[in-house]
$ cat data_20.cif   # mmCIF, C-alpha atoms and all ligand atoms
data_protein
#
loop_
_atom_site.label_atom_id
_atom_site.label_comp_id
_atom_site.auth_asym_id
_atom_site.auth_seq_id
_atom_site.Cartn_x
_atom_site.Cartn_y
_atom_site.Cartn_z
CA MET A 1 -68.71 19.20 -0.52
CA GLU A 2 -67.82 16.50 2.02
CA THR A 3 -64.60 14.55 1.59
CA LEU A 4 -65.27 11.02 0.24
CA ARG A 5 -63.62 8.36 2.38
CA VAL A 6 -62.34 5.56 0.16
CA ALA A 7 -61.17 2.08 1.19
CA VAL A 8 -59.10 -0.02 -1.22
CA LEU A 9 -59.30 -3.83 -1.19
CA GLY A 10 -56.30 -5.56 -2.77
CA ALA A 11 -54.29 -2.47 -1.81
CA ALA A 12 -50.91 -4.21 -2.13
CA GLY A 13 -51.59 -5.45 -5.67
CA ARG A 14 -50.64 -3.88 -9.01
CA MET A 15 -53.99 -2.10 -9.39
CA GLY A 16 -54.53 -1.56 -5.67
CA ARG A 17 -51.26 0.38 -5.30
CA THR A 18 -52.14 2.56 -8.30
CA VAL A 19 -55.65 3.23 -6.96
CA CYS A 20 -54.29 4.18 -3.50
CA ALA A 21 -51.96 6.73 -5.10
CA ALA A 22 -54.75 8.11 -7.31
CA VAL A 23 -57.14 8.49 -4.37
CA GLU A 24 -54.46 10.18 -2.27
CA SER A 25 -53.89 12.80 -4.92
CA ALA A 26 -57.56 13.25 -5.95
CA ASP A 27 -59.52 16.35 -4.93
CA GLY A 28 -62.31 15.68 -2.44
CA MET A 29 -61.16 12.16 -1.47
CA GLU A 30 -59.15 10.62 1.32
CA LEU A 31 -57.69 7.13 1.53
CA ALA A 32 -59.53 5.73 4.54
CA ALA A 33 -58.21 2.14 4.56
CA ARG A 34 -55.88 -0.23 2.70
CA LEU A 35 -57.02 -3.86 2.95
CA ASP A 36 -55.33 -6.96 1.65
CA VAL A 37 -55.38 -10.72 2.31
CA GLY A 38 -56.33 -11.48 5.92
CA ASP A 39 -57.87 -8.07 6.68
CA GLU A 40 -61.46 -7.91 7.89
CA VAL A 41 -63.75 -6.19 5.35
CA ALA A 42 -66.34 -5.50 8.09
CA ASP A 43 -63.85 -3.03 9.63
CA VAL A 44 -64.69 -0.48 6.94
CA ARG A 45 -68.12 0.08 8.53
CA GLY A 46 -68.32 3.77 9.50
CA ALA A 47 -64.75 4.38 8.27
CA ALA A 48 -65.35 4.50 4.50
CA ASP A 49 -68.12 5.71 2.19
CA VAL A 50 -66.94 3.82 -0.91
CA ALA A 51 -64.68 0.79 -1.30
CA VAL A 52 -62.75 -0.10 -4.45
CA ASP A 53 -62.06 -3.83 -5.02
CA PHE A 54 -59.12 -4.97 -7.15
CA THR A 55 -58.48 -8.38 -5.60
CA VAL A 56 -58.83 -11.83 -7.17
CA PRO A 57 -61.76 -13.56 -8.90
CA SER A 58 -62.10 -16.06 -6.03
CA ALA A 59 -62.54 -13.31 -3.38
CA THR A 60 -64.36 -10.45 -5.02
CA GLU A 61 -67.99 -11.58 -4.64
CA ALA A 62 -67.61 -12.28 -0.92
CA ASN A 63 -65.95 -8.88 -0.52
CA VAL A 64 -68.93 -7.14 -2.14
CA HIS A 65 -71.43 -8.91 0.13
CA ALA A 66 -69.32 -7.95 3.17
CA LEU A 67 -69.18 -4.32 1.98
CA LEU A 68 -72.96 -4.20 1.57
CA ASP A 69 -73.35 -5.65 5.08
CA ALA A 70 -71.04 -2.86 6.26
CA GLY A 71 -73.18 -0.18 4.54
CA VAL A 72 -70.47 0.81 2.03
CA HIS A 73 -70.85 1.44 -1.73
CA ALA A 74 -68.65 -0.79 -3.92
CA VAL A 75 -66.66 -0.06 -7.08
CA VAL A 76 -65.36 -3.37 -8.42
CA GLY A 77 -62.71 -3.85 -11.08
CA THR A 78 -61.87 -7.46 -10.30
CA THR A 79 -62.77 -9.93 -13.03
CA GLY A 80 -64.44 -13.34 -12.77
CA TRP A 81 -68.06 -12.25 -12.40
CA ASP A 82 -70.78 -14.37 -14.03
CA GLY A 83 -74.57 -14.09 -14.25
CA PRO A 84 -75.41 -16.00 -11.05
CA ALA A 85 -72.86 -13.98 -8.99
CA LEU A 86 -74.31 -10.71 -10.31
CA ASP A 87 -77.83 -11.98 -9.51
CA ARG A 88 -76.79 -12.71 -5.90
CA VAL A 89 -75.51 -9.13 -5.55
CA ARG A 90 -78.75 -7.77 -7.04
CA GLU A 91 -80.69 -9.84 -4.49
CA HIS A 92 -78.52 -8.53 -1.64
CA LEU A 93 -78.96 -4.93 -2.85
CA ALA A 94 -82.72 -5.37 -2.66
CA HIS A 95 -82.22 -5.54 1.12
CA THR A 96 -79.75 -2.63 1.34
CA PRO A 97 -81.69 0.30 -0.15
CA GLY A 98 -79.60 3.30 -1.19
CA LEU A 99 -76.36 1.39 -1.70
CA GLY A 100 -74.71 1.17 -5.12
CA VAL A 101 -72.39 -1.41 -6.68
CA LEU A 102 -70.52 -0.99 -9.95
CA VAL A 103 -68.86 -4.05 -11.50
CA ALA A 104 -66.76 -2.89 -14.44
CA PRO A 105 -64.43 -5.15 -16.44
CA ASN A 106 -62.41 -2.17 -17.67
CA PHE A 107 -62.07 1.41 -16.35
CA ALA A 108 -59.95 2.75 -19.22
CA LEU A 109 -62.11 5.19 -21.15
CA GLY A 110 -60.68 4.03 -24.49
CA ALA A 111 -61.52 0.42 -23.71
CA VAL A 112 -65.09 1.36 -22.77
CA LEU A 113 -65.44 3.25 -26.06
CA ALA A 114 -63.90 0.34 -28.02
CA MET A 115 -66.52 -2.01 -26.53
CA ALA A 116 -69.31 0.42 -27.51
CA PHE A 117 -67.90 0.84 -31.06
CA ALA A 118 -67.56 -2.95 -31.42
CA ALA A 119 -71.22 -3.52 -30.51
CA LYS A 120 -72.27 -0.77 -32.93
CA ALA A 121 -70.21 -2.22 -35.80
CA ALA A 122 -70.76 -5.95 -35.20
CA PRO A 123 -74.09 -6.41 -37.02
CA TRP A 124 -72.56 -4.94 -40.19
CA PHE A 125 -69.86 -7.62 -40.59
CA GLU A 126 -69.97 -11.33 -41.44
CA SER A 127 -67.14 -12.23 -39.05
CA VAL A 128 -66.05 -10.75 -35.72
CA GLU A 129 -63.30 -12.11 -33.43
CA VAL A 130 -61.71 -10.68 -30.27
CA VAL A 131 -58.02 -10.93 -29.38
CA GLU A 132 -56.87 -9.84 -25.91
CA LEU A 133 -53.19 -9.50 -24.99
CA HIS A 134 -51.95 -9.20 -21.39
CA HIS A 135 -48.97 -9.49 -19.05
CA PRO A 136 -48.24 -13.11 -18.10
CA ASP A 137 -48.98 -12.58 -14.37
CA LYS A 138 -52.71 -12.38 -15.10
CA VAL A 139 -54.58 -15.30 -13.48
CA ASP A 140 -57.71 -15.43 -15.66
CA ALA A 141 -58.27 -15.97 -19.37
CA PRO A 142 -59.85 -14.69 -21.42
CA SER A 143 -59.89 -11.23 -19.85
CA GLY A 144 -63.06 -9.83 -18.31
CA THR A 145 -62.94 -7.08 -20.92
CA ALA A 146 -62.81 -9.57 -23.79
CA ARG A 147 -65.72 -11.56 -22.37
CA HIS A 148 -67.76 -8.37 -21.95
CA THR A 149 -66.80 -7.19 -25.46
CA ALA A 150 -67.82 -10.53 -26.97
CA ALA A 151 -71.11 -10.60 -25.04
CA GLY A 152 -71.91 -7.08 -26.31
CA ILE A 153 -71.08 -8.12 -29.88
CA ALA A 154 -73.25 -11.24 -29.57
CA ALA A 155 -76.20 -9.25 -28.16
CA ALA A 156 -75.97 -6.65 -30.93
CA ARG A 157 -75.87 -9.38 -33.61
CA ARG A 158 -78.85 -11.21 -32.05
CA ALA A 159 -80.85 -7.96 -31.91
CA ALA A 160 -80.08 -7.37 -35.61
CA GLY A 161 -81.11 -10.92 -36.53
CA ARG A 162 -77.57 -11.85 -37.63
CA GLY A 163 -76.90 -15.61 -37.79
CA ALA A 164 -73.77 -17.58 -36.91
CA MET A 165 -70.43 -16.49 -38.35
CA PRO A 166 -68.84 -18.50 -41.16
CA ASP A 167 -66.26 -21.08 -39.97
CA ALA A 168 -65.41 -24.23 -41.92
CA THR A 169 -63.03 -25.60 -39.24
CA GLN A 170 -63.51 -29.36 -38.84
CA THR A 171 -60.18 -30.64 -37.51
CA GLY A 172 -57.19 -29.29 -35.59
CA LEU A 173 -55.73 -28.88 -32.13
CA ASP A 174 -57.98 -28.15 -29.13
CA GLY A 175 -58.04 -24.44 -28.36
CA ALA A 176 -56.78 -23.30 -31.75
CA ARG A 177 -60.00 -21.40 -32.42
CA GLY A 178 -60.03 -19.78 -28.99
CA ALA A 179 -62.90 -19.68 -26.47
CA ASP A 180 -66.52 -19.45 -27.58
CA VAL A 181 -68.36 -16.59 -25.84
CA GLU A 182 -71.97 -16.69 -27.05
CA GLY A 183 -70.79 -17.61 -30.57
CA VAL A 184 -67.94 -15.05 -30.66
CA ARG A 185 -64.37 -16.45 -30.72
CA VAL A 186 -62.02 -14.92 -28.12
CA HIS A 187 -58.23 -15.46 -28.16
CA ALA A 188 -55.87 -14.75 -25.25
CA VAL A 189 -52.16 -13.87 -25.58
CA ARG A 190 -49.85 -13.70 -22.50
CA LEU A 191 -46.57 -11.91 -23.18
CA ARG A 192 -43.93 -10.34 -20.93
CA GLY A 193 -43.80 -6.60 -21.49
CA LEU A 194 -47.51 -6.17 -22.16
CA VAL A 195 -50.00 -4.50 -19.79
CA ALA A 196 -53.57 -4.77 -21.19
CA HIS A 197 -54.55 -4.69 -24.86
CA GLU A 198 -57.50 -5.73 -27.00
CA GLU A 199 -58.22 -6.00 -30.73
CA ILE A 200 -61.62 -6.52 -32.25
CA LEU A 201 -61.36 -7.78 -35.84
CA LEU A 202 -64.41 -7.34 -38.07
CA GLY A 203 -64.40 -8.85 -41.57
CA ASN A 204 -66.53 -8.64 -44.69
CA PRO A 205 -65.73 -9.79 -48.23
CA GLY A 206 -62.86 -7.55 -49.34
CA GLU A 207 -62.59 -5.41 -46.16
CA GLN A 208 -61.55 -5.45 -42.52
CA LEU A 209 -62.18 -3.04 -39.67
CA THR A 210 -59.80 -3.32 -36.69
CA LEU A 211 -60.58 -1.66 -33.36
CA ARG A 212 -57.60 -1.68 -30.98
CA HIS A 213 -57.14 -0.37 -27.46
CA ASP A 214 -53.85 -0.34 -25.52
CA SER A 215 -53.34 0.32 -21.83
CA PHE A 216 -49.57 0.92 -21.66
CA ASP A 217 -49.73 1.84 -17.97
CA ARG A 218 -52.19 1.20 -15.12
CA VAL A 219 -52.69 4.96 -14.74
CA SER A 220 -54.98 4.56 -17.79
CA PHE A 221 -57.62 3.05 -15.50
CA MET A 222 -57.55 5.83 -12.88
CA PRO A 223 -59.82 8.52 -14.40
CA GLY A 224 -62.53 5.85 -14.75
CA VAL A 225 -62.01 4.53 -11.22
CA LEU A 226 -62.18 8.05 -9.70
CA HIS A 227 -65.28 8.88 -11.78
CA ALA A 228 -66.91 5.68 -10.48
CA VAL A 229 -65.98 6.48 -6.86
CA ARG A 230 -67.61 9.91 -7.23
CA THR A 231 -70.71 8.50 -8.99
CA VAL A 232 -71.58 5.19 -7.29
CA ALA A 233 -73.63 6.70 -4.44
CA SER A 234 -75.96 8.41 -6.92
CA HIS A 235 -76.62 5.09 -8.73
CA PRO A 236 -78.27 2.78 -6.18
CA GLY A 237 -78.48 -0.89 -7.20
CA LEU A 238 -76.17 -2.85 -9.48
CA THR A 239 -74.54 -1.37 -12.59
CA VAL A 240 -72.41 -3.56 -14.87
CA GLY A 241 -69.89 -1.68 -17.00
CA LEU A 242 -68.54 1.85 -16.60
CA ASP A 243 -70.64 2.87 -19.64
CA GLY A 244 -73.59 2.83 -17.20
CA TYR A 245 -72.04 5.90 -15.52
CA LEU A 246 -71.17 7.67 -18.80
CA ASP A 247 -73.36 9.46 -21.31
CA LEU A 248 -72.05 7.65 -24.41
N1 LIG A 301 -61.53 -3.28 -14.29
C1 LIG A 301 -60.32 -2.85 -14.68
O1 LIG A 301 -60.18 -1.77 -15.30
C2 LIG A 301 -59.13 -3.67 -14.35
C3 LIG A 301 -59.29 -4.87 -13.75
N2 LIG A 301 -58.22 -5.61 -13.35
C4 LIG A 301 -58.51 -6.80 -12.58
O2 LIG A 301 -58.25 -6.49 -11.22
C5 LIG A 301 -57.86 -7.68 -10.53
C6 LIG A 301 -56.54 -7.43 -9.82
O3 LIG A 301 -55.53 -7.24 -10.77
P1 LIG A 301 -54.02 -6.94 -10.32
O4 LIG A 301 -53.98 -5.74 -9.43
O5 LIG A 301 -53.21 -6.96 -11.56
O6 LIG A 301 -53.71 -8.24 -9.45
P2 LIG A 301 -52.67 -8.44 -8.25
O7 LIG A 301 -52.50 -9.91 -8.09
O8 LIG A 301 -51.47 -7.58 -8.47
O9 LIG A 301 -53.45 -7.83 -6.97
C7 LIG A 301 -54.45 -8.50 -6.26
C8 LIG A 301 -54.27 -8.17 -4.81
O10 LIG A 301 -55.40 -8.65 -4.07
C9 LIG A 301 -54.90 -9.34 -2.94
N3 LIG A 301 -55.93 -10.26 -2.45
C10 LIG A 301 -56.11 -11.56 -2.76
N4 LIG A 301 -57.18 -12.04 -2.08
C11 LIG A 301 -57.67 -11.01 -1.35
C12 LIG A 301 -58.74 -10.87 -0.44
N5 LIG A 301 -59.56 -11.91 -0.15
N6 LIG A 301 -58.98 -9.67 0.12
C13 LIG A 301 -58.17 -8.63 -0.14
N7 LIG A 301 -57.12 -8.70 -0.98
C14 LIG A 301 -56.88 -9.87 -1.58
C15 LIG A 301 -53.64 -10.00 -3.43
O11 LIG A 301 -52.80 -10.43 -2.37
P3 LIG A 301 -51.79 -11.68 -2.63
O12 LIG A 301 -50.91 -11.27 -3.76
O13 LIG A 301 -51.09 -11.80 -1.32
O14 LIG A 301 -52.66 -12.86 -2.97
C16 LIG A 301 -53.03 -8.84 -4.21
O15 LIG A 301 -52.38 -7.93 -3.34
C17 LIG A 301 -57.81 -8.78 -11.59
O16 LIG A 301 -59.04 -9.49 -11.58
C18 LIG A 301 -57.67 -8.00 -12.89
O17 LIG A 301 -58.15 -8.71 -14.00
C19 LIG A 301 -56.93 -5.19 -13.59
C20 LIG A 301 -56.71 -4.02 -14.25
C21 LIG A 301 -57.80 -3.15 -14.68
O1 LIG A 302 -55.51 -8.30 -15.28
C1 LIG A 302 -55.38 -7.22 -15.91
O2 LIG A 302 -54.28 -6.65 -16.03
C2 LIG A 302 -56.56 -6.61 -16.51
N1 LIG A 302 -57.73 -7.14 -16.24
C3 LIG A 302 -58.97 -6.68 -16.73
C4 LIG A 302 -59.60 -7.73 -17.62
O3 LIG A 302 -59.46 -8.93 -17.35
O4 LIG A 302 -60.29 -7.34 -18.57
C5 LIG A 302 -58.90 -5.30 -17.35
C6 LIG A 302 -57.66 -5.05 -18.12
O5 LIG A 302 -57.72 -5.81 -19.28
C7 LIG A 302 -56.42 -5.38 -17.31
#
$ encode --input "data_20.cif" --output "structure tokens"
Amino acid sequence: METLRVAVLGAAGRMGRTVCAAVESADGMELAARLDVGDEVADVRGAADVAVDFTVPSATEANVHALLDAGVHAVVGTTGWDGPALDRVREHLAHTPGLGVLVAPNFALGAVLAMAFAAKAAPWFESVEVVELHHPDKVDAPSGTARHTAAGIAAARRAAGRGAMPDATQTGLDGARGADVEGVRVHAVRLRGLVAHEEILLGNPGEQLTLRHDSFDRVSFMPGVLHAVRTVASHPGLTVGLDGYLDL
């Protein structure tokens, strides 16, 4: 088996540093390049097979287009992706046959499973709300994971013919009911000491189901990132969510 050459974008960041260390100690991989602000993404052409992007929401889409132009598969953990941005990547991929891109809001296996369990459970409850809790250095809210979780819940409820959730709120302070993601309320907590956490609360008359996932350390994301690095070349085109590379 050939050694996979891996470039890391955002290499000096919290996730980037952890990914560099994971790649350096992974079997069958070598760290081919560390890129950060001001580095030229085009330089990875011929030097890397796969690039991992943990940068910032304002940079990640341009990075992916530059990686595709350089003929390199992309594994993206950076948040901030919306439908039109994903469509532009799909369109680009149509002109770069054989290349793969994974955009995954969360690489922790427990978080991926929690999202799948939430979608499975959501049609069976009257009310579902999502609470995400993160370190206060995070620049986006709500988290990409919470948005993806809520979108999955909303899709599952639509498919089951479930109507809107009960909510008698008429007055109060702006923001008190959180953000509305396709009819699902999402609340964001920022607290020193936290890393990345999510609770999905599901309520029926007389009962509550709580699904909770905690990433206490960024190493929790590494098995998923390494699995994606090993898998992306065999999945040409765009995949959204690590569950697309897992047999759940
Ligand atoms: N999918 C997942 O499992 C996870 C996703 N994330 C997401 O990953 C992203 C990064 O998180 P985190 O590591 O905590 O953030 P950090 O701010 O610690 O790291 C981001 C790094 O990217 C650098 N950077 C900024 N712009 C560019 C650019 N154009 N090209 C290359 N590098 C750039 C930053 O440099 P500088 O500081 O100089 O601006 C910084 O070194 C966030 O969107 C976060 O939500 C985080 C954890 C898990
Ligand atoms: O910024 C973070 O830390 C995290 N970002 C991702 C998100 O927004 O969902 C994944 C994880 O929650 C950690």
$ residues_near_ligand --input "data_20.cif" --ligand "ligand LIG 302 (chain A)" --cutoff "8 Å" --atoms "only C-alpha atoms and all ligand atoms" --output "ChimeraX atom specification"
/A:77-79,105-107,132,134-135,137-147,195-198,215
$ closest_residue --input "data_20.cif" --among "A:Ser127, A:Gln170, A:Ser220, A:Thr231" --to "ligand LIG 301 (chain A)" --atoms "only C-alpha atoms and all ligand atoms"
A:Ser220
$ residues_around --input "data_20.cif" --residues "Arg17 (chain A)" --least-positions-apart "2" --cutoff "12 Å" --atoms "all atoms listed in the file" --output "PyMOL selection string"
chain A and resi 7-15+19-24+31+34-36+52-55+218-219+222
$ residues_around --input "data_20.cif" --residues "Asp247 (chain A)" --least-positions-apart "6" --cutoff "12 Å" --atoms "all atoms listed in the file" --output "list of chain:residue names"
A:Val112, A:Leu113, A:Ala116
$ atom_distance --input "data_20.cif" --atom1 "CA of Val229 (chain A)" --atom2 "CA of Ala26 (chain A)"
10.8 Å
$ closest_residue --input "data_20.cif" --among "A:Asp180, A:Glu30, A:Asp39, A:Glu2" --to "ligand LIG 301 (chain A)" --atoms "only C-alpha atoms and all ligand atoms"
A:Asp39
$ atom_distance --input "data_20.cif" --atom1 "CA of Leu93 (chain A)" --atom2 "CA of Leu67 (chain A)"
10.9 Å
$ residues_around --input "data_20.cif" --residues "Ala121 (chain A)" --least-positions-apart "4" --cutoff "10 Å" --atoms "only C-alpha atoms" --output "list in words"
Met115, Ala116, Phe117, Phe125, Val128, Ile153, Ala156, Arg157, Leu202, Leu209 and Leu211 of chain A
$ residues_around --input "data_20.cif" --residues "region 160-169 of chain A" --least-positions-apart "2" --cutoff "12 Å" --atoms "all atoms listed in the file" --output "number ranges by chain"
A: 119-129, 153-158, 171-174, 176-177, 180, 182-185, 202-205
$ closest_residue --input "data_20.cif" --among "A:Ala94, A:Ala114, A:Val186, A:Val225" --to "ligand LIG 301 (chain A)" --atoms "all atoms listed in the file"
A:Val225
$ closest_residue --input "data_20.cif" --among "A:Val101, A:Ala108, A:Ala32, A:Val64" --to "ligand LIG 301 (chain A)" --atoms "all atoms listed in the file"
A:Ala108
$ residues_around --input "data_20.cif" --residues "Thr210 (chain A)" --least-positions-apart "2" --cutoff "8 Å" --atoms "all atoms listed in the file" --output "ChimeraX atom specification"
/A:199-202,208,212
$ closest_residue --input "data_20.cif" --among "A:Leu248, A:Ala118, A:Gly241, A:His95" --to "Trp81 (chain A)" --atoms "all atoms listed in the file"
A:Gly241
$ build_atoms --input "data_20.cif" --residues "region 57-74 of chain A" --atoms "N, CA and C atoms" --output "PDB file, keeping the file's coordinate frame"
ATOM      1  N   PRO A  57     -60.420 -13.050  -8.576  1.00  0.00           N
ATOM      2  CA  PRO A  57     -61.760 -13.560  -8.900  1.00  0.00           C
ATOM      3  C   PRO A  57     -62.368 -14.407  -7.786  1.00  0.00           C
ATOM      4  N   SER A  58     -61.546 -15.169  -7.052  1.00  0.00           N
ATOM      5  CA  SER A  58     -62.100 -16.060  -6.030  1.00  0.00           C
ATOM      6  C   SER A  58     -62.562 -15.311  -4.771  1.00  0.00           C
ATOM      7  N   ALA A  59     -62.204 -14.041  -4.613  1.00  0.00           N
ATOM      8  CA  ALA A  59     -62.540 -13.310  -3.380  1.00  0.00           C
ATOM      9  C   ALA A  59     -63.543 -12.187  -3.593  1.00  0.00           C
ATOM     10  N   THR A  60     -63.673 -11.722  -4.821  1.00  0.00           N
ATOM     11  CA  THR A  60     -64.360 -10.450  -5.020  1.00  0.00           C
ATOM     12  C   THR A  60     -65.849 -10.485  -4.645  1.00  0.00           C
ATOM     13  N   GLU A  61     -66.548 -11.579  -4.961  1.00  0.00           N
ATOM     14  CA  GLU A  61     -67.990 -11.580  -4.640  1.00  0.00           C
ATOM     15  C   GLU A  61     -68.207 -11.515  -3.134  1.00  0.00           C
ATOM     16  N   ALA A  62     -67.453 -12.309  -2.381  1.00  0.00           N
ATOM     17  CA  ALA A  62     -67.610 -12.280  -0.920  1.00  0.00           C
ATOM     18  C   ALA A  62     -67.281 -10.890  -0.371  1.00  0.00           C
ATOM     19  N   ASN A  63     -66.293 -10.242  -0.958  1.00  0.00           N
ATOM     20  CA  ASN A  63     -65.950  -8.880  -0.520  1.00  0.00           C
ATOM     21  C   ASN A  63     -67.144  -7.941  -0.711  1.00  0.00           C
ATOM     22  N   VAL A  64     -67.808  -8.045  -1.869  1.00  0.00           N
ATOM     23  CA  VAL A  64     -68.930  -7.140  -2.140  1.00  0.00           C
ATOM     24  C   VAL A  64     -70.060  -7.375  -1.139  1.00  0.00           C
ATOM     25  N   HIS A  65     -70.369  -8.643  -0.857  1.00  0.00           N
ATOM     26  CA  HIS A  65     -71.430  -8.910   0.130  1.00  0.00           C
ATOM     27  C   HIS A  65     -71.041  -8.341   1.495  1.00  0.00           C
ATOM     28  N   ALA A  66     -69.773  -8.484   1.869  1.00  0.00           N
ATOM     29  CA  ALA A  66     -69.320  -7.950   3.170  1.00  0.00           C
ATOM     30  C   ALA A  66     -69.396  -6.418   3.188  1.00  0.00           C
ATOM     31  N   LEU A  67     -69.094  -5.787   2.047  1.00  0.00           N
ATOM     32  CA  LEU A  67     -69.180  -4.320   1.980  1.00  0.00           C
ATOM     33  C   LEU A  67     -70.631  -3.860   2.113  1.00  0.00           C
ATOM     34  N   LEU A  68     -71.543  -4.569   1.456  1.00  0.00           N
ATOM     35  CA  LEU A  68     -72.960  -4.200   1.570  1.00  0.00           C
ATOM     36  C   LEU A  68     -73.431  -4.366   3.018  1.00  0.00           C
ATOM     37  N   ASP A  69     -73.002  -5.450   3.655  1.00  0.00           N
ATOM     38  CA  ASP A  69     -73.350  -5.650   5.080  1.00  0.00           C
ATOM     39  C   ASP A  69     -72.796  -4.524   5.942  1.00  0.00           C
ATOM     40  N   ALA A  70     -71.671  -3.946   5.494  1.00  0.00           N
ATOM     41  CA  ALA A  70     -71.040  -2.860   6.260  1.00  0.00           C
ATOM     42  C   ALA A  70     -71.602  -1.488   5.882  1.00  0.00           C
ATOM     43  N   GLY A  71     -72.555  -1.449   4.924  1.00  0.00           N
ATOM     44  CA  GLY A  71     -73.180  -0.180   4.540  1.00  0.00           C
ATOM     45  C   GLY A  71     -72.303   0.693   3.662  1.00  0.00           C
ATOM     46  N   VAL A  72     -71.444   0.073   2.848  1.00  0.00           N
ATOM     47  CA  VAL A  72     -70.470   0.810   2.030  1.00  0.00           C
ATOM     48  C   VAL A  72     -70.728   0.531   0.544  1.00  0.00           C
ATOM     49  N   HIS A  73     -70.728   1.611  -0.271  1.00  0.00           N
ATOM     50  CA  HIS A  73     -70.850   1.440  -1.730  1.00  0.00           C
ATOM     51  C   HIS A  73     -69.606   0.735  -2.280  1.00  0.00           C
ATOM     52  N   ALA A  74     -69.785  -0.016  -3.386  1.00  0.00           N
ATOM     53  CA  ALA A  74     -68.650  -0.790  -3.920  1.00  0.00           C
ATOM     54  C   ALA A  74     -68.403  -0.480  -5.393  1.00  0.00           C
TER      55      ALA A  74
END
